[in-house]
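**Q** Please find data.csv (CSV, C-alpha atoms (C1' of nucleotides) and all ligand atoms) on the next line:
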chain,number,residue,atom,x,y,z
Z,1,MET,CA,99.4,93.7,110.4
Z,2,LYS,CA,102.4,91.5,109.9
Z,3,ILE,CA,103.5,88.9,107.4
Z,4,THR,CA,104.4,85.9,109.6
Z,5,THR,CA,108.1,85.1,109.8
Z,6,LYS,CA,107.1,81.7,108.4
Z,7,SER,CA,106.0,83.3,105.2
Z,8,ARG,CA,109.1,85.5,105.1
Z,9,TYR,CA,111.3,82.5,105.7
Z,10,ALA,CA,109.5,80.7,102.9
Z,11,ILE,CA,110.0,83.5,100.4
Z,12,ARG,CA,113.6,83.9,101.4
Z,13,SER,CA,114.1,80.2,101.1
Z,14,ILE,CA,112.7,79.9,97.7
Z,15,PHE,CA,114.7,82.8,96.6
Z,16,ALA,CA,117.8,81.1,98.0
Z,17,LEU,CA,116.7,77.9,96.4
Z,18,VAL,CA,116.8,79.6,93.0
Z,19,LEU,CA,120.2,81.3,93.7
Z,20,LEU,CA,121.6,77.9,94.7
Z,21,GLY,CA,120.5,76.4,91.4
Z,22,GLY,CA,117.2,74.8,92.5
Z,23,ASP,CA,115.7,75.4,89.1
Z,24,GLU,CA,117.9,72.6,87.7
Z,25,ARG,CA,119.2,70.2,90.4
Z,26,PRO,CA,118.0,69.4,93.9
Z,27,VAL,CA,119.2,71.7,96.7
Z,28,THR,CA,119.2,70.4,100.2
Z,29,LEU,CA,117.6,72.1,103.1
Z,30,THR,CA,120.9,72.1,104.9
Z,31,GLN,CA,122.3,74.3,102.2
Z,32,ILE,CA,119.4,76.7,102.3
Z,33,ALA,CA,119.5,76.7,106.1
Z,34,GLU,CA,123.1,77.8,106.1
Z,35,HIS,CA,122.7,80.3,103.3
Z,36,GLU,CA,119.8,82.0,105.1
Z,37,ASP,CA,120.7,81.2,108.7
Z,38,ILE,CA,117.4,79.6,109.4
Z,39,SER,CA,116.8,76.5,111.6
Z,40,ARG,CA,116.9,73.5,109.3
Z,41,LYS,CA,114.2,71.7,111.4
Z,42,TYR,CA,111.9,74.7,110.9
Z,43,LEU,CA,112.6,74.7,107.2
Z,44,GLU,CA,111.5,71.2,106.9
Z,45,GLN,CA,108.0,72.1,108.0
Z,46,ILE,CA,108.0,75.1,105.6
Z,47,PHE,CA,109.0,73.0,102.7
Z,48,ILE,CA,106.5,70.3,103.4
Z,49,LYS,CA,103.9,72.9,103.0
Z,50,LEU,CA,105.4,74.3,99.9
Z,51,LYS,CA,105.4,70.9,98.5
Z,52,LYS,CA,101.8,70.3,99.3
Z,53,SER,CA,101.0,73.5,97.4
Z,54,LYS,CA,102.9,72.3,94.4
Z,55,ILE,CA,105.5,75.1,94.6
Z,56,VAL,CA,108.5,72.9,95.0
Z,57,GLU,CA,109.2,69.2,94.5
Z,58,GLY,CA,111.2,67.1,96.9
Z,59,SER,CA,113.3,64.1,96.2
Z,60,ARG,CA,114.3,61.9,99.1
Z,61,GLY,CA,117.5,60.0,99.9
Z,62,ALA,CA,121.1,60.7,99.1
Z,63,GLN,CA,121.6,63.4,96.5
Z,64,GLY,CA,118.0,64.5,97.2
Z,65,GLY,CA,116.7,67.9,97.9
Z,66,TYR,CA,114.2,70.3,96.5
Z,67,ILE,CA,113.7,71.9,93.1
Z,68,LEU,CA,111.1,74.4,91.9
Z,69,ALA,CA,107.9,72.7,90.7
Z,70,LYS,CA,107.4,75.4,88.1
Z,71,PRO,CA,109.2,78.4,86.6
Z,72,ALA,CA,110.2,81.2,89.0
Z,73,ASN,CA,108.1,83.7,87.2
Z,74,MET,CA,105.0,81.6,87.8
Z,75,ILE,CA,105.4,81.6,91.6
Z,76,THR,CA,103.7,84.7,93.1
Z,77,LEU,CA,104.3,85.9,96.7
Z,78,LYS,CA,100.6,85.5,97.3
Z,79,GLU,CA,100.8,81.9,96.5
Z,80,VAL,CA,103.7,81.3,98.9
Z,81,ILE,CA,102.0,83.1,101.7
Z,82,TYR,CA,98.8,81.3,101.1
Z,83,ALA,CA,100.8,78.0,101.3
Z,84,MET,CA,102.1,79.0,104.7
Z,85,ASP,CA,99.2,80.8,106.5
Z,86,GLY,CA,96.2,80.3,104.3
Z,87,PRO,CA,94.4,83.2,102.6
Z,88,VAL,CA,95.5,86.7,103.8
Z,89,SER,CA,92.9,87.7,106.3
Z,90,VAL,CA,93.0,91.3,107.2
Z,91,SER,CA,90.2,91.2,109.8
Z,92,ASP,CA,88.2,88.6,111.6
Z,93,CYS,CA,85.0,90.1,110.4
Z,94,THR,CA,84.9,88.4,107.1
Z,95,ASN,CA,81.5,86.8,107.1
Z,96,GLU,CA,78.3,86.5,109.1
Z,97,SER,CA,79.2,83.2,110.7
Z,98,VAL,CA,82.0,84.8,112.6
Z,99,CYS,CA,80.4,88.2,113.2
Z,100,GLY,CA,76.7,88.4,114.0
Z,101,ASN,CA,76.7,92.0,113.0
Z,102,PHE,CA,78.2,91.4,109.6
Z,103,ASP,CA,75.1,92.2,107.5
Z,104,HIS,CA,74.3,95.4,109.3
Z,105,CYS,CA,77.9,96.5,109.7
Z,106,GLY,CA,78.6,99.7,107.8
Z,107,ILE,CA,82.3,99.4,107.6
Z,108,ASN,CA,83.3,95.9,106.6
Z,109,TRP,CA,83.8,97.1,103.1
Z,110,LEU,CA,87.0,98.6,104.5
Z,111,TRP,CA,88.5,95.2,105.2
Z,112,SER,CA,87.6,93.6,101.9
Z,113,GLY,CA,89.0,96.7,100.2
Z,114,LEU,CA,92.2,96.4,102.2
Z,115,LYS,CA,92.5,92.7,101.5
Z,116,LYS,CA,92.1,93.3,97.8
Z,117,THR,CA,94.8,95.9,97.9
Z,118,VAL,CA,97.2,93.6,99.7
Z,119,ASP,CA,96.4,90.7,97.5
Z,120,ASN,CA,96.9,92.7,94.4
Z,121,TYR,CA,100.4,93.8,95.6
Z,122,LEU,CA,101.4,90.2,96.4
Z,123,GLU,CA,99.9,88.7,93.3
Z,124,ASN,CA,102.0,90.9,91.0
Z,125,ILE,CA,105.4,90.0,92.4
Z,126,THR,CA,107.0,86.6,91.6
Z,127,ILE,CA,110.1,84.9,92.7
Z,128,TYR,CA,111.7,85.7,89.4
Z,129,ASP,CA,111.1,89.4,90.2
Z,130,LEU,CA,113.2,88.9,93.3
Z,131,LYS,CA,116.0,87.4,91.3
Z,132,ARG,CA,115.9,90.2,88.7
Z,133,GLN,CA,115.9,92.8,91.4
Z,134,ALA,CA,118.8,91.3,93.2
Z,135,THR,CA,120.9,91.1,90.0
Z,136,GLY,CA,120.2,94.7,89.1
Z,137,GLY,CA,117.9,93.8,86.3
Z,138,LYS,CA,120.7,92.4,84.2
Z,139,ASP,CA,119.5,88.9,84.3
Z,140,VAL,CA,117.3,87.9,81.3
Z,141,ASN,CA,116.9,84.1,81.2
Z,142,LEU,CA,114.2,82.9,83.4
Z,143,SER,CA,113.8,79.2,84.2
W,1,MET,CA,98.4,90.1,108.5
W,2,LYS,CA,95.5,91.3,110.6
W,3,ILE,CA,94.3,94.7,111.8
W,4,THR,CA,94.0,94.2,115.6
W,5,THR,CA,90.5,94.2,117.0
W,6,LYS,CA,91.5,97.1,119.1
W,7,SER,CA,92.0,99.1,116.0
W,8,ARG,CA,88.8,97.9,114.5
W,9,TYR,CA,86.9,98.7,117.7
W,10,ALA,CA,88.5,102.2,117.6
W,11,ILE,CA,87.3,102.8,114.1
W,12,ARG,CA,83.8,101.5,114.8
W,13,SER,CA,83.7,103.5,117.9
W,14,ILE,CA,84.6,106.8,116.3
W,15,PHE,CA,82.1,106.0,113.6
W,16,ALA,CA,79.5,105.5,116.2
W,17,LEU,CA,80.6,108.6,118.0
W,18,VAL,CA,79.8,110.6,114.9
W,19,LEU,CA,76.5,108.9,114.3
W,20,LEU,CA,75.5,109.7,117.9
W,21,GLY,CA,76.3,113.3,117.5
W,22,GLY,CA,79.9,113.4,118.8
W,23,ASP,CA,80.8,116.2,116.4
W,24,GLU,CA,78.7,118.6,118.4
W,25,ARG,CA,78.1,117.4,122.0
W,26,PRO,CA,79.8,114.9,124.2
W,27,VAL,CA,78.8,111.3,123.8
W,28,THR,CA,79.4,108.9,126.7
W,29,LEU,CA,81.3,105.7,126.4
W,30,THR,CA,78.3,103.8,127.7
W,31,GLN,CA,76.3,105.0,124.8
W,32,ILE,CA,79.0,103.9,122.4
W,33,ALA,CA,79.4,100.6,124.2
W,34,GLU,CA,75.8,99.8,123.8
W,35,HIS,CA,75.6,101.0,120.3
W,36,GLU,CA,78.5,98.8,119.2
W,37,ASP,CA,78.2,96.1,121.8
W,38,ILE,CA,81.7,96.5,123.0
W,39,SER,CA,82.9,96.2,126.6
W,40,ARG,CA,82.8,99.7,128.1
W,41,LYS,CA,85.9,99.1,130.2
W,42,TYR,CA,87.8,98.2,127.1
W,43,LEU,CA,86.5,101.3,125.3
W,44,GLU,CA,88.0,103.4,128.1
W,45,GLN,CA,91.5,102.3,127.3
W,46,ILE,CA,90.8,102.8,123.6
W,47,PHE,CA,89.6,106.3,124.1
W,48,ILE,CA,92.4,107.3,126.3
W,49,LYS,CA,94.7,106.4,123.5
W,50,LEU,CA,92.6,108.3,121.0
W,51,LYS,CA,92.7,111.3,123.3
W,52,LYS,CA,96.4,111.2,123.6
W,53,SER,CA,96.6,111.2,119.8
W,54,LYS,CA,94.4,114.2,119.6
W,55,ILE,CA,91.7,112.5,117.7
W,56,VAL,CA,89.0,113.0,120.4
W,57,GLU,CA,88.6,115.2,123.4
W,58,GLY,CA,87.2,114.0,126.7
W,59,SER,CA,85.2,116.0,129.2
W,60,ARG,CA,84.8,114.6,132.6
W,61,GLY,CA,82.0,114.6,135.1
W,62,ALA,CA,78.3,114.6,134.6
W,63,GLN,CA,77.1,115.4,131.1
W,64,GLY,CA,80.6,114.6,130.0
W,65,GLY,CA,81.8,112.3,127.3
W,66,TYR,CA,83.8,112.5,124.1
W,67,ILE,CA,83.7,114.7,121.1
W,68,LEU,CA,85.8,114.7,117.9
W,69,ALA,CA,88.9,116.8,118.3
W,70,LYS,CA,88.8,117.7,114.6
W,71,PRO,CA,86.5,117.4,111.6
W,72,ALA,CA,85.6,113.8,110.6
W,73,ASN,CA,87.1,114.3,107.2
W,74,MET,CA,90.5,115.1,108.8
W,75,ILE,CA,90.7,111.8,110.6
W,76,THR,CA,92.2,109.1,108.6
W,77,LEU,CA,92.1,105.4,109.3
W,78,LYS,CA,95.9,105.3,109.4
W,79,GLU,CA,95.9,107.8,112.1
W,80,VAL,CA,93.5,105.8,114.2
W,81,ILE,CA,95.4,102.6,113.8
W,82,TYR,CA,98.6,104.3,114.6
W,83,ALA,CA,97.0,105.6,117.8
W,84,MET,CA,96.2,102.0,118.8
W,85,ASP,CA,99.1,99.9,117.7
W,86,GLY,CA,101.7,102.3,116.5
W,87,PRO,CA,103.0,102.5,112.9
W,88,VAL,CA,101.8,99.7,110.7
W,89,SER,CA,104.6,97.2,110.6
W,90,VAL,CA,104.3,94.6,107.9
W,91,SER,CA,107.5,92.8,108.8
W,92,ASP,CA,110.0,92.7,111.6
W,93,CYS,CA,112.8,93.3,109.2
W,94,THR,CA,112.5,97.0,109.0
W,95,ASN,CA,116.0,98.2,109.9
W,96,GLU,CA,119.5,96.8,110.6
W,97,SER,CA,119.1,97.1,114.4
W,98,VAL,CA,116.6,94.4,114.4
W,99,CYS,CA,117.9,92.3,111.5
W,100,GLY,CA,121.7,91.9,111.1
W,101,ASN,CA,121.2,90.9,107.6
W,102,PHE,CA,119.3,94.0,106.6
W,103,ASP,CA,121.9,95.7,104.5
W,104,HIS,CA,122.6,92.6,102.5
W,105,CYS,CA,119.1,91.3,102.3
W,106,GLY,CA,117.9,91.3,98.7
W,107,ILE,CA,114.2,91.3,99.5
W,108,ASN,CA,113.4,93.8,102.2
W,109,TRP,CA,112.2,96.2,99.5
W,110,LEU,CA,109.2,93.9,99.3
W,111,TRP,CA,108.1,94.8,102.8
W,112,SER,CA,108.6,98.5,102.5
W,113,GLY,CA,106.6,98.4,99.3
W,114,LEU,CA,103.8,96.5,101.0
W,115,LYS,CA,103.8,98.9,103.9
W,116,LYS,CA,103.6,101.8,101.5
W,117,THR,CA,100.7,100.1,99.7
W,118,VAL,CA,98.8,99.5,103.0
W,119,ASP,CA,99.6,103.0,104.3
W,120,ASN,CA,98.4,104.5,101.1
W,121,TYR,CA,95.1,102.7,101.4
W,122,LEU,CA,94.5,103.6,105.0
W,123,GLU,CA,95.6,107.2,104.5
W,124,ASN,CA,93.0,107.9,101.9
W,125,ILE,CA,89.9,106.9,103.9
W,126,THR,CA,88.6,109.1,106.6
W,127,ILE,CA,85.9,108.8,109.2
W,128,TYR,CA,83.8,111.0,107.1
W,129,ASP,CA,84.0,108.6,104.2
W,130,LEU,CA,82.6,105.9,106.5
W,131,LYS,CA,79.6,108.2,107.2
W,132,ARG,CA,79.1,109.0,103.6
W,133,GLN,CA,79.3,105.4,102.6
W,134,ALA,CA,76.8,104.4,105.3
W,135,THR,CA,74.3,107.0,104.2
W,136,GLY,CA,74.5,106.1,100.6
W,137,GLY,CA,76.4,109.2,99.6
W,138,LYS,CA,73.4,111.3,100.2
W,139,ASP,CA,75.0,113.2,103.1
W,140,VAL,CA,76.6,116.4,102.2
W,141,ASN,CA,77.4,118.4,105.3
W,142,LEU,CA,80.6,117.4,107.0
W,143,SER,CA,81.4,118.6,110.4
T,1,DT,C1',78.1,121.3,149.1
T,2,DA,C1',76.5,116.6,148.3
T,3,DT,C1',75.7,113.5,144.8
T,4,DA,C1',75.7,111.1,140.7
T,5,DA,C1',77.9,110.8,136.5
T,6,DT,C1',81.8,110.1,133.8
T,7,DT,C1',86.5,110.2,132.4
T,8,DA,C1',91.6,108.9,133.8
T,9,DC,C1',94.9,105.6,135.2
T,10,DT,C1',97.1,101.2,136.6
T,11,DA,C1',97.5,96.5,137.2
T,12,DC,C1',97.0,92.1,135.9
T,13,DA,C1',94.7,87.5,134.4
T,14,DA,C1',93.5,84.4,130.7
T,15,DG,C1',94.0,82.5,126.2
T,16,DG,C1',95.8,81.9,121.7
T,17,DC,C1',99.2,81.2,118.7
T,18,DA,C1',103.5,82.1,116.3
T,19,DG,C1',107.9,80.2,116.5
T,20,DC,C1',110.7,76.7,117.3
T,21,DT,C1',112.6,72.1,119.1
T,22,DA,C1',112.7,67.0,119.1
T,23,DG,C1',112.4,62.4,117.6
T,24,DG,C1',111.6,59.1,114.6
T,25,DA,C1',109.8,57.1,110.0
T,26,DT,C1',110.7,56.5,105.2
T,27,DA,C1',113.1,56.5,100.9
T,28,DT,C1',117.3,56.4,97.9
T,29,DG,C1',121.9,56.7,95.7
T,30,DG,C1',126.4,54.6,96.0
A,1,DC,C1',124.1,48.5,104.1
A,2,DC,C1',125.0,52.9,105.2
A,3,DA,C1',125.0,57.8,104.8
A,4,DT,C1',122.0,61.2,103.3
A,5,DA,C1',117.8,63.4,102.9
A,6,DT,C1',113.0,64.2,103.0
A,7,DC,C1',108.6,63.3,105.5
A,8,DC,C1',105.5,63.4,109.5
A,9,DT,C1',103.8,64.3,114.3
A,10,DA,C1',103.9,66.0,118.8
A,11,DG,C1',104.6,69.4,122.0
A,12,DC,C1',106.9,73.2,124.5
A,13,DT,C1',107.4,78.3,125.5
A,14,DG,C1',107.1,83.0,125.7
A,15,DC,C1',104.8,86.9,124.0
A,16,DC,C1',101.0,89.6,122.8
A,17,DT,C1',96.2,90.6,122.4
A,18,DT,C1',92.0,90.8,124.7
A,19,DG,C1',89.5,91.8,128.4
A,20,DT,C1',88.4,92.5,133.6
A,21,DA,C1',88.9,95.0,137.9
A,22,DG,C1',89.5,98.6,141.1
A,23,DT,C1',90.3,103.2,142.2
A,24,DA,C1',91.2,108.1,141.7
A,25,DA,C1',90.0,112.5,139.8
A,26,DT,C1',86.8,115.8,137.9
A,27,DT,C1',82.4,118.2,137.0
A,28,DA,C1',77.4,119.4,136.2
A,29,DT,C1',73.5,119.9,138.7
A,30,DA,C1',70.2,119.9,142.4
Q,1,LIG,S1,81.6,93.0,110.2
Q,1,LIG,FE1,81.9,92.4,112.2
Q,1,LIG,S2,81.7,94.4,113.1
Q,1,LIG,FE2,81.7,95.0,111.1
Q,2,LIG,S1,115.9,92.3,106.1
Q,2,LIG,FE1,115.9,90.9,107.7
Q,2,LIG,S2,116.2,89.1,106.4
Q,2,LIG,FE2,115.8,90.6,104.9
What do you get writing this file as structure tokens?
**A**
Amino acid sequence: MKITTKSRYAIRSIFALVLLGGDERPVTLTQIAEHEDISRKYLEQIFIKLKKSKIVEGSRGAQGGYILAKPANMITLKEVIYAMDGPVSVSDCTNESVCGNFDHCGINWLWSGLKKTVDNYLENITIYDLKRQATGGKDVNLS
Amino acid sequence: MKITTKSRYAIRSIFALVLLGGDERPVTLTQIAEHEDISRKYLEQIFIKLKKSKIVEGSRGAQGGYILAKPANMITLKEVIYAMDGPVSVSDCTNESVCGNFDHCGINWLWSGLKKTVDNYLENITIYDLKRQATGGKDVNLS
DNA sequence: TATAATTACTACAAGGCAGCTAGGATATGG
DNA sequence: CCATATCCTAGCTGCCTTGTAGTAATTATA
């Protein structure tokens, strides 16, 4: 029942990206890696996935780096986690192809219910919320 | 972000235990293993844990087996999962002993919030609810 | 009291996979 | 051209879950 560290790194990294000005000019992975004390090589893989999911945009070469692909308040945690690990799966018993007993199982509604609960929580928090929380709610402008 | 199969097996097994009359007379693991198509040897380990957590009671020897240690509506899913895997941990960053950055981390409230959400869901469903759901809500007597 | 049934306990093997490292290819500003 | 970055692929490693195996302890019953 754990959020993978990859997903947590991703969230922390995007948060750091915003703090370092990534909503305006490119921020390099090296900066983020130092700020968050995460392996830069590992970050590379994370950001490639984030890029594929249209959460950030990368620009190569000197003076390159990453910027947000959309406003911070449009990036939900669910989205980020999905980009890392695919859809949140709370149980392996999600359909009949994986569990022969699926149709006759009396309790799989438990897991769809739990998934819905978790998804709902993660859908309603955005990167902007992290920033606002960190600055004590004083911040108003969102990018 | 998965409930372990051990926990799912445990829940299914207790559910089966109730269906097989385990709120009155002992039900053997062999019965449950057949009913749920789970390895009996694996069930043994599961039930030893359930016993240690005072969820079931075992009686040895011929005509032995397991019965519920308390009414089905007093057994929450959270309790069962706790018995299997310990407290639900949604992130490794739960205290400063494990994460040096804990005190200065701006986002760990996320994980405590998520944990609370999940715990709340699991706390409010009991084994009796499973039975009621399975019988279309017609059942009234709870043991 | 012998026997079959059944739980209680311990050890460990196999596999998957998350987490991370490594090396090189490609693009770009100065 | 060169320093700076992203982009892409491959693979290692250790842990943890899942499951098997063997044996001891207990008890109803004939
Ligand atoms: S859906 Fe697979 S056992 Fe319930
Ligand atoms: S608490 Fe460990 S990084 Fe946030």
**Q** List every residue of chain A that has an atom at most 12 Å from any atom of chain Z, and for each one report the closest atom pair and its distance in Å to one decimal, counting all atoms listed in the file, with rows sorted by chain and then by increasing residue number, as a tab-separated table.
**A**
residue	atom	partner	partner_atom	distance
A:DC2	C1'	Z:Ala62	CA	10.6
A:DA3	C1'	Z:Ala62	CA	7.5
A:DT4	C1'	Z:Ala62	CA	4.3
A:DA5	C1'	Z:Gly61	CA	4.5
A:DT6	C1'	Z:Arg60	CA	4.7
A:DC7	C1'	Z:Ile48	CA	7.6
A:DC8	C1'	Z:Gln45	CA	9.2
A:DT9	C1'	Z:Gln45	CA	10.9
**Q** Could the residues that lie within 12 Å of ligand LIG 1 (chain Q), counting all atoms listed in the file, be listed as a PyMOL selection string?
**A** (chain Z and resi 90-112) or (chain W and resi 5-13+15-16+35-38+130)
**Q** Pick the closest to chain T from Z:Glu24, Z:Thr135, Z:Asp85, Z:Thr76: which is it, counting only C-alpha atoms (C1' of nucleotides)?
**A**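 Of the candidates, the smallest distance to chain T is held by Z:Asp85.
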**Q** Pull out every residue of chain T that has at least one atom within 6 Å of chain W, counting all atoms listed in the file, and report them as a list in words.
**A**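 Therefore, the residues near the partner are DA5, DT6 and DT7 of chain T.
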**Q** Generate the output file for the selected residues, C-alpha atoms (C1' of nucleotides), as an mmCIF file, in the frame of the given file.
**A**
data_model
loop_
_atom_site.group_PDB
_atom_site.id
_atom_site.type_symbol
_atom_site.label_atom_id
_atom_site.label_comp_id
_atom_site.auth_asym_id
_atom_site.auth_seq_id
_atom_site.Cartn_x
_atom_site.Cartn_y
_atom_site.Cartn_z
ATOM 1 C "C1'" DA T 5 77.900 110.800 136.500
ATOM 2 C "C1'" DT T 6 81.800 110.100 133.800
ATOM 3 C "C1'" DT T 7 86.500 110.200 132.400
#
**Q** Hey, can I get the axis-aligned box for ligand LIG 2 (chain Q)? All listed atoms, 4 Å padding on each side, centre and edge lengths in Å to one decimal, as JSON.
**A**
{"center_x": 116.0, "center_y": 90.7, "center_z": 106.3, "size_x": 8.4, "size_y": 11.2, "size_z": 10.8}
**Q** For chain Z, which of W:Ser89, W:Gln31, W:Ser39, W:Asn73 is the closest residue, counting all atoms listed in the file?
**A**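 Comparing W:Ser89, W:Gln31, W:Ser39, W:Asn73 against chain Z, the winner is W:Ser89.
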**Q** Could you list, as a PyMOL selection string, every residue within 12 Å of T:DG15, counting only C-alpha atoms (C1' of nucleotides) and ignoring same-chain residues fewer than 5 positions away?
**A** chain A and resi 15-19
**Q** Pick the closest to W:Gly86 from W:Lys54, W:Lys49, W:Lys41, W:Lys116: which is it, counting all atoms listed in the file?
**A**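 So, comparing all the options, the nearest one is W:Lys49.
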**Q** One number please: atom C1' of A:DT26 to atom C1' of T:DT3, in Å, one decimal.
**A** 13.3 Å
**Q** As an exercise, work out the distance from atom CA of Z:Gly21 to atom CA of Z:Arg132 in Å and give it to one decimal place.
**A** 14.8 Å
